[in-house]
$ cat entry.pdb   # PDB, C-alpha atoms
ATOM      1  CA  MET J 504     -37.102 -91.505  52.761
ATOM      2  CA  LYS J 505     -36.500 -88.744  55.309
ATOM      3  CA  ASN J 506     -36.520 -85.112  54.286
ATOM      4  CA  LYS J 507     -36.146 -81.620  55.708
ATOM      5  CA  LEU J 508     -38.924 -79.964  53.722
ATOM      6  CA  LYS J 509     -40.960 -79.077  56.791
ATOM      7  CA  VAL J 510     -37.980 -77.485  58.551
ATOM      8  CA  LEU J 511     -36.833 -75.587  55.463
ATOM      9  CA  ARG J 512     -40.353 -74.404  54.813
ATOM     10  CA  ALA J 513     -40.814 -73.260  58.405
ATOM     11  CA  GLU J 514     -37.479 -71.378  58.323
ATOM     12  CA  ARG J 515     -38.776 -69.378  55.386
ATOM     13  CA  ASP J 516     -42.227 -68.963  56.906
ATOM     14  CA  TRP J 517     -43.889 -70.639  53.944
ATOM     15  CA  THR J 518     -47.143 -72.574  54.270
ATOM     16  CA  GLN J 519     -47.668 -75.987  52.651
ATOM     17  CA  ALA J 520     -49.901 -74.234  50.129
ATOM     18  CA  ASP J 521     -47.114 -71.738  49.262
ATOM     19  CA  LEU J 522     -44.630 -74.534  48.678
ATOM     20  CA  ALA J 523     -47.184 -76.575  46.743
ATOM     21  CA  ALA J 524     -47.903 -73.633  44.431
ATOM     22  CA  ALA J 525     -44.186 -73.014  43.882
ATOM     23  CA  LEU J 526     -43.565 -76.660  42.994
ATOM     24  CA  ASP J 527     -46.817 -76.989  41.018
ATOM     25  CA  VAL J 528     -48.156 -79.861  43.110
ATOM     26  CA  SER J 529     -51.115 -80.168  45.456
ATOM     27  CA  ARG J 530     -50.925 -79.296  49.148
ATOM     28  CA  GLN J 531     -51.739 -82.940  49.870
ATOM     29  CA  THR J 532     -48.586 -83.976  48.007
ATOM     30  CA  ILE J 533     -46.402 -81.648  50.093
ATOM     31  CA  ASN J 534     -48.055 -82.972  53.240
ATOM     32  CA  ALA J 535     -47.494 -86.604  52.176
ATOM     33  CA  ILE J 536     -43.818 -85.903  51.356
ATOM     34  CA  GLU J 537     -43.238 -84.108  54.661
ATOM     35  CA  LYS J 538     -44.783 -87.003  56.572
ATOM     36  CA  GLY J 539     -42.648 -89.498  54.660
ATOM     37  CA  LYS J 540     -45.704 -91.207  53.179
ATOM     38  CA  PHE J 541     -44.703 -90.410  49.609
ATOM     39  CA  ASP J 542     -41.275 -90.155  47.988
ATOM     40  CA  PRO J 543     -41.031 -87.467  45.309
ATOM     41  CA  SER J 544     -39.743 -88.231  41.834
ATOM     42  CA  LEU J 545     -36.245 -87.118  40.878
ATOM     43  CA  PRO J 546     -37.546 -84.142  38.807
ATOM     44  CA  LEU J 547     -39.653 -82.929  41.763
ATOM     45  CA  ALA J 548     -36.731 -83.383  44.158
ATOM     46  CA  PHE J 549     -34.529 -81.337  41.803
ATOM     47  CA  LYS J 550     -37.205 -78.669  41.598
ATOM     48  CA  ALA J 551     -37.341 -78.463  45.407
ATOM     49  CA  ALA J 552     -33.554 -78.316  45.579
ATOM     50  CA  ARG J 553     -33.484 -75.429  43.096
ATOM     51  CA  LEU J 554     -36.204 -73.626  45.018
ATOM     52  CA  PHE J 555     -34.335 -73.912  48.327
ATOM     53  CA  LYS J 556     -30.984 -73.333  46.560
ATOM     54  CA  MET J 557     -29.556 -76.440  48.201
ATOM     55  CA  PRO J 558     -28.196 -79.774  46.953
ATOM     56  CA  ILE J 559     -30.756 -82.592  46.823
ATOM     57  CA  GLU J 560     -28.919 -84.662  49.425
ATOM     58  CA  ALA J 561     -29.141 -81.764  51.891
ATOM     59  CA  ILE J 562     -32.930 -81.966  51.691
ATOM     60  CA  PHE J 563     -33.644 -85.664  51.084
ATOM     61  CA  ASP J 564     -31.971 -88.550  52.878
ATOM     62  CA  ASP J 565     -32.576 -92.139  51.824
ATOM     63  CA  GLY J 566     -30.710 -93.450  54.876
ATOM     64  CA  GLU J 567     -28.172 -95.225  52.679
ATOM     65  CA  GLY J 568     -25.468 -92.557  52.935
ATOM     66  CA  ASP J 569     -21.902 -92.982  54.246
ATOM     67  CA  SER J 570     -21.788 -93.684  57.956
TER      68      SER J 570
ATOM     69  CA  MET G1248     -44.947 -64.493  47.236
ATOM     70  CA  LEU G1249     -43.204 -67.636  45.973
ATOM     71  CA  GLU G1250     -42.735 -67.995  42.253
ATOM     72  CA  ASN G1251     -44.152 -71.023  40.438
ATOM     73  CA  THR G1252     -41.186 -73.099  39.198
ATOM     74  CA  SER G1253     -43.251 -75.127  36.719
ATOM     75  CA  ASN G1254     -42.865 -74.639  32.983
ATOM     76  CA  LYS G1255     -46.572 -75.422  32.482
ATOM     77  CA  THR G1256     -48.620 -72.327  31.670
ATOM     78  CA  ASP G1257     -51.661 -73.065  33.889
ATOM     79  CA  LYS G1258     -51.482 -73.749  37.594
ATOM     80  CA  LEU G1259     -52.331 -77.230  38.867
ATOM     81  CA  GLU G1260     -55.765 -76.336  40.216
ATOM     82  CA  SER G1261     -56.864 -74.536  37.064
ATOM     83  CA  ARG G1262     -55.567 -77.404  34.884
ATOM     84  CA  LEU G1263     -57.461 -79.947  37.003
ATOM     85  CA  ASN G1264     -60.666 -77.890  36.930
ATOM     86  CA  LYS G1265     -60.433 -77.570  33.160
ATOM     87  CA  GLY G1266     -59.774 -81.319  32.809
ATOM     88  CA  THR G1267     -62.665 -82.248  35.096
ATOM     89  CA  LYS G1268     -65.047 -80.074  33.068
ATOM     90  CA  GLN G1269     -63.832 -81.659  29.829
ATOM     91  CA  ILE G1270     -64.308 -85.172  31.242
ATOM     92  CA  PHE G1271     -67.841 -84.241  32.314
ATOM     93  CA  VAL G1272     -68.716 -82.850  28.873
ATOM     94  CA  TRP G1273     -67.273 -85.785  26.898
ATOM     95  CA  THR G1274     -68.714 -88.394  29.291
ATOM     96  CA  LEU G1275     -72.122 -86.788  28.873
ATOM     97  CA  ALA G1276     -71.722 -86.791  25.071
ATOM     98  CA  TRP G1277     -70.670 -90.454  25.145
ATOM     99  CA  LEU G1278     -73.620 -91.415  27.388
ATOM    100  CA  LEU G1279     -76.028 -89.551  25.092
ATOM    101  CA  SER G1280     -74.571 -91.405  22.103
ATOM    102  CA  ASN G1281     -75.222 -94.678  23.985
ATOM    103  CA  ALA G1282     -78.838 -93.632  24.390
ATOM    104  CA  LEU G1283     -78.948 -92.689  20.698
ATOM    105  CA  VAL G1284     -77.769 -96.169  19.682
ATOM    106  CA  ILE G1285     -80.246 -97.923  21.984
ATOM    107  CA  PHE G1286     -83.341 -95.795  21.446
ATOM    108  CA  GLY G1287     -82.606 -94.196  18.079
ATOM    109  CA  ALA G1288     -83.041 -97.409  16.102
ATOM    110  CA  LYS G1289     -86.572 -97.901  17.441
ATOM    111  CA  LEU G1290     -87.804 -94.373  17.939
ATOM    112  CA  LEU G1291     -85.979 -92.225  15.379
ATOM    113  CA  TRP G1292     -84.968 -94.131  12.258
ATOM    114  CA  ASP G1293     -87.095 -97.264  12.307
ATOM    115  CA  ASN G1294     -84.209 -99.758  12.430
ATOM    116  CA  GLN G1295     -82.468 -98.520   9.270
ATOM    117  CA  ARG G1296     -79.180-100.385   9.228
ATOM    118  CA  GLU G1297     -77.042 -97.474   7.913
ATOM    119  CA  MET G1298     -78.298 -95.117  10.601
ATOM    120  CA  THR G1299     -77.579 -97.675  13.342
ATOM    121  CA  VAL G1300     -74.048 -98.215  12.015
ATOM    122  CA  ALA G1301     -73.533 -94.434  11.919
ATOM    123  CA  ALA G1302     -74.790 -94.093  15.505
ATOM    124  CA  ILE G1303     -72.420 -96.857  16.682
ATOM    125  CA  ALA G1304     -69.546 -95.180  14.808
ATOM    126  CA  LEU G1305     -70.382 -91.873  16.542
ATOM    127  CA  ASN G1306     -70.462 -93.706  19.882
ATOM    128  CA  LEU G1307     -66.997 -95.171  19.221
ATOM    129  CA  ILE G1308     -65.542 -91.805  18.127
ATOM    130  CA  LEU G1309     -66.867 -90.088  21.250
ATOM    131  CA  GLY G1310     -65.592 -92.974  23.386
ATOM    132  CA  ILE G1311     -62.104 -92.686  21.893
ATOM    133  CA  LYS G1312     -62.136 -88.921  22.432
ATOM    134  CA  LEU G1313     -63.123 -89.554  26.076
ATOM    135  CA  ILE G1314     -60.133 -91.882  26.514
ATOM    136  CA  PHE G1315     -57.742 -89.165  25.305
ATOM    137  CA  VAL G1316     -59.400 -86.478  27.425
ATOM    138  CA  PHE G1317     -58.952 -88.689  30.500
ATOM    139  CA  LYS G1318     -55.363 -89.469  29.500
ATOM    140  CA  ASN G1319     -54.598 -85.734  29.253
ATOM    141  CA  HIS G1320     -56.273 -85.171  32.600
ATOM    142  CA  LEU G1321     -53.947 -87.769  34.150
ATOM    143  CA  LYS G1322     -50.987 -85.975  32.577
ATOM    144  CA  ASP G1323     -52.107 -82.693  34.155
ATOM    145  CA  MET G1324     -52.228 -84.172  37.663
ATOM    146  CA  ASP G1325     -49.294 -83.981  40.035
ATOM    147  CA  GLU G1326     -47.293 -87.135  40.671
ATOM    148  CA  LEU G1327     -49.071 -88.219  43.859
ATOM    149  CA  GLN G1328     -52.503 -87.767  42.285
ATOM    150  CA  ARG G1329     -51.325 -89.725  39.250
ATOM    151  CA  LYS G1330     -50.031 -92.521  41.473
ATOM    152  CA  ILE G1331     -53.378 -92.659  43.299
ATOM    153  CA  HIS G1332     -55.258 -92.976  40.006
ATOM    154  CA  PHE G1333     -52.841 -95.559  38.582
ATOM    155  CA  ASN G1334     -53.257 -97.657  41.741
ATOM    156  CA  ALA G1335     -57.026 -97.321  41.410
ATOM    157  CA  MET G1336     -56.835 -98.433  37.769
ATOM    158  CA  ALA G1337     -54.847-101.527  38.768
ATOM    159  CA  ILE G1338     -57.403-102.408  41.441
ATOM    160  CA  SER G1339     -60.282-101.714  39.076
ATOM    161  CA  LEU G1340     -58.785-103.886  36.323
ATOM    162  CA  GLY G1341     -58.075-106.722  38.772
ATOM    163  CA  SER G1342     -61.526-106.526  40.358
ATOM    164  CA  THR G1343     -63.250-106.515  36.979
ATOM    165  CA  MET G1344     -61.264-109.544  35.862
ATOM    166  CA  ILE G1345     -61.790-111.555  39.075
ATOM    167  CA  PHE G1346     -65.449-110.641  39.681
ATOM    168  CA  GLY G1347     -66.251-110.743  35.969
ATOM    169  CA  ASN G1348     -64.837-114.249  35.762
ATOM    170  CA  ALA G1349     -66.789-115.405  38.837
ATOM    171  CA  PHE G1350     -69.890-113.668  37.480
ATOM    172  CA  GLY G1351     -69.544-115.688  34.277
ATOM    173  CA  PHE G1352     -69.991-118.910  36.273
ATOM    174  CA  LEU G1353     -73.423-117.923  37.569
ATOM    175  CA  ALA G1354     -75.499-118.669  34.464
ATOM    176  CA  PRO G1355     -73.778-121.924  33.307
ATOM    177  CA  THR G1356     -73.960-123.387  36.837
ATOM    178  CA  GLY G1357     -77.636-122.479  37.145
ATOM    179  CA  LEU G1358     -77.234-120.033  40.020
ATOM    180  CA  ILE G1359     -78.997-117.355  37.963
ATOM    181  CA  GLU G1360     -81.341-117.756  35.009
ATOM    182  CA  ASN G1361     -80.341-114.853  32.774
ATOM    183  CA  THR G1362     -76.965-114.568  31.084
ATOM    184  CA  PRO G1363     -74.994-111.753  32.752
ATOM    185  CA  SER G1364     -74.693-108.643  30.610
ATOM    186  CA  PRO G1365     -71.213-107.272  29.796
ATOM    187  CA  SER G1366     -72.472-103.869  30.960
ATOM    188  CA  ASN G1367     -72.517-105.290  34.506
ATOM    189  CA  LEU G1368     -68.735-105.338  34.302
ATOM    190  CA  LEU G1369     -68.767-101.558  33.813
ATOM    191  CA  ILE G1370     -70.540-101.231  37.156
ATOM    192  CA  ILE G1371     -67.876-103.337  38.914
ATOM    193  CA  MET G1372     -65.158-101.355  37.141
ATOM    194  CA  GLY G1373     -66.654 -97.973  38.079
ATOM    195  CA  ILE G1374     -67.402 -98.815  41.710
ATOM    196  CA  SER G1375     -64.009-100.437  42.366
ATOM    197  CA  TYR G1376     -62.250 -97.455  40.735
ATOM    198  CA  ILE G1377     -64.101 -94.884  42.838
ATOM    199  CA  VAL G1378     -63.599 -96.854  46.077
ATOM    200  CA  ALA G1379     -59.874 -97.310  45.336
ATOM    201  CA  VAL G1380     -59.401 -93.583  44.620
ATOM    202  CA  ILE G1381     -61.149 -92.620  47.900
ATOM    203  CA  VAL G1382     -59.142 -95.174  49.948
ATOM    204  CA  ASN G1383     -55.859 -94.057  48.335
ATOM    205  CA  TYR G1384     -56.559 -90.350  48.884
ATOM    206  CA  ARG G1385     -57.246 -91.021  52.567
ATOM    207  CA  ARG G1386     -54.059 -93.077  52.835
ATOM    208  CA  TYR G1387     -51.919 -90.122  51.786
ATOM    209  CA  GLN G1388     -53.693 -87.507  53.919
TER     210      GLN G1388
END

$ encode --input "entry.pdb" --output "structure tokens"
Amino acid sequence: MKNKLKVLRAERDWTQADLAAALDVSRQTINAIEKGKFDPSLPLAFKAARLFKMPIEAIFDDGEGDS
Amino acid sequence: MLENTSNKTDKLESRLNKGTKQIFVWTLAWLLSNALVIFGAKLLWDNQREMTVAAIALNLILGIKLIFVFKNHLKDMDELQRKIHFNAMAISLGSTMIFGNAFGFLAPTGLIENTPSPSNLLIIMGISYIVAVIVNYRRYQ
């Protein structure tokens, strides 16, 4: 699943560690999500969406959307 | 500074540190109770049956406590860490079953003289678990 975490984080000048602390996960987890190696659970995706004040689908894209 | 959005009181790192310390303490207590069962009967209470039963009961109680401490530690991890450990548990269980089964053939077929001890399975379980955790952590780096 693709996501815009890295871009959104960079726009706000947050480090991976900052984002990890805000979402209560490890920095390794943020890194794995950003690299597309790990898909977050729905609760974690919601948490990220709330943090960035954006809808989930604006951050995460499963590639199955309308074309 | 970003605010922590979690409803858990402790931060991840402090929860994990606390859990690791608890696992260490309860594992040590469990190992000492193993030693008590093995050596206590001979050296401390001269093979009194009641004392041996009590020592085994203590060993079981500490073992059960250790299971719950580890279970809570898993609950305190984040979801990627939990996934890594669950994968490792699956590999460890599979390895123990497959190698344990093959190991059981060694004595009946005459490849070794002594009957394999069940404690050997713990070694396979422990090593395969540790290796799987390391491999999985590297995979997600």

$ resolve_selection --input "entry.pdb" --expression "the PyMOL selection byres ((chain J) within 10 of (chain G))" --output "ChimeraX atom specification"
/J:517,521-536,538-544,547,550-551,553-554

$ resolve_selection --input "entry.pdb" --expression "the PyMOL selection byres ((chain G and resi 1300-1313) around 8)" --output "list in words"
Ile1270, Trp1273, Thr1274, Ala1276, Trp1277, Ser1280, Asn1281, Leu1283, Val1284, Arg1296, Glu1297, Met1298, Thr1299, Ile1314, Phe1315, Val1316 and Phe1317 of chain G

$ resolve_selection --input "entry.pdb" --expression "the PyMOL selection byres ((chain J and resi 508-513) around 8)" --output "ChimeraX atom specification"
/J:506-507,514-519,522,537,555,562

$ atom_distance --input "entry.pdb" --atom1 "atom CA of Val1272 of chain G" --atom2 "atom CA of His1320 of chain G"
13.2 Å

$ atom_distance --input "entry.pdb" --atom1 "atom CA of Asp565 of chain J" --atom2 "atom CA of Met504 of chain J"
4.7 Å

$ atom_distance --input "entry.pdb" --atom1 "atom CA of Leu1321 of chain G" --atom2 "atom CA of Ser1375 of chain G"
18.1 Å
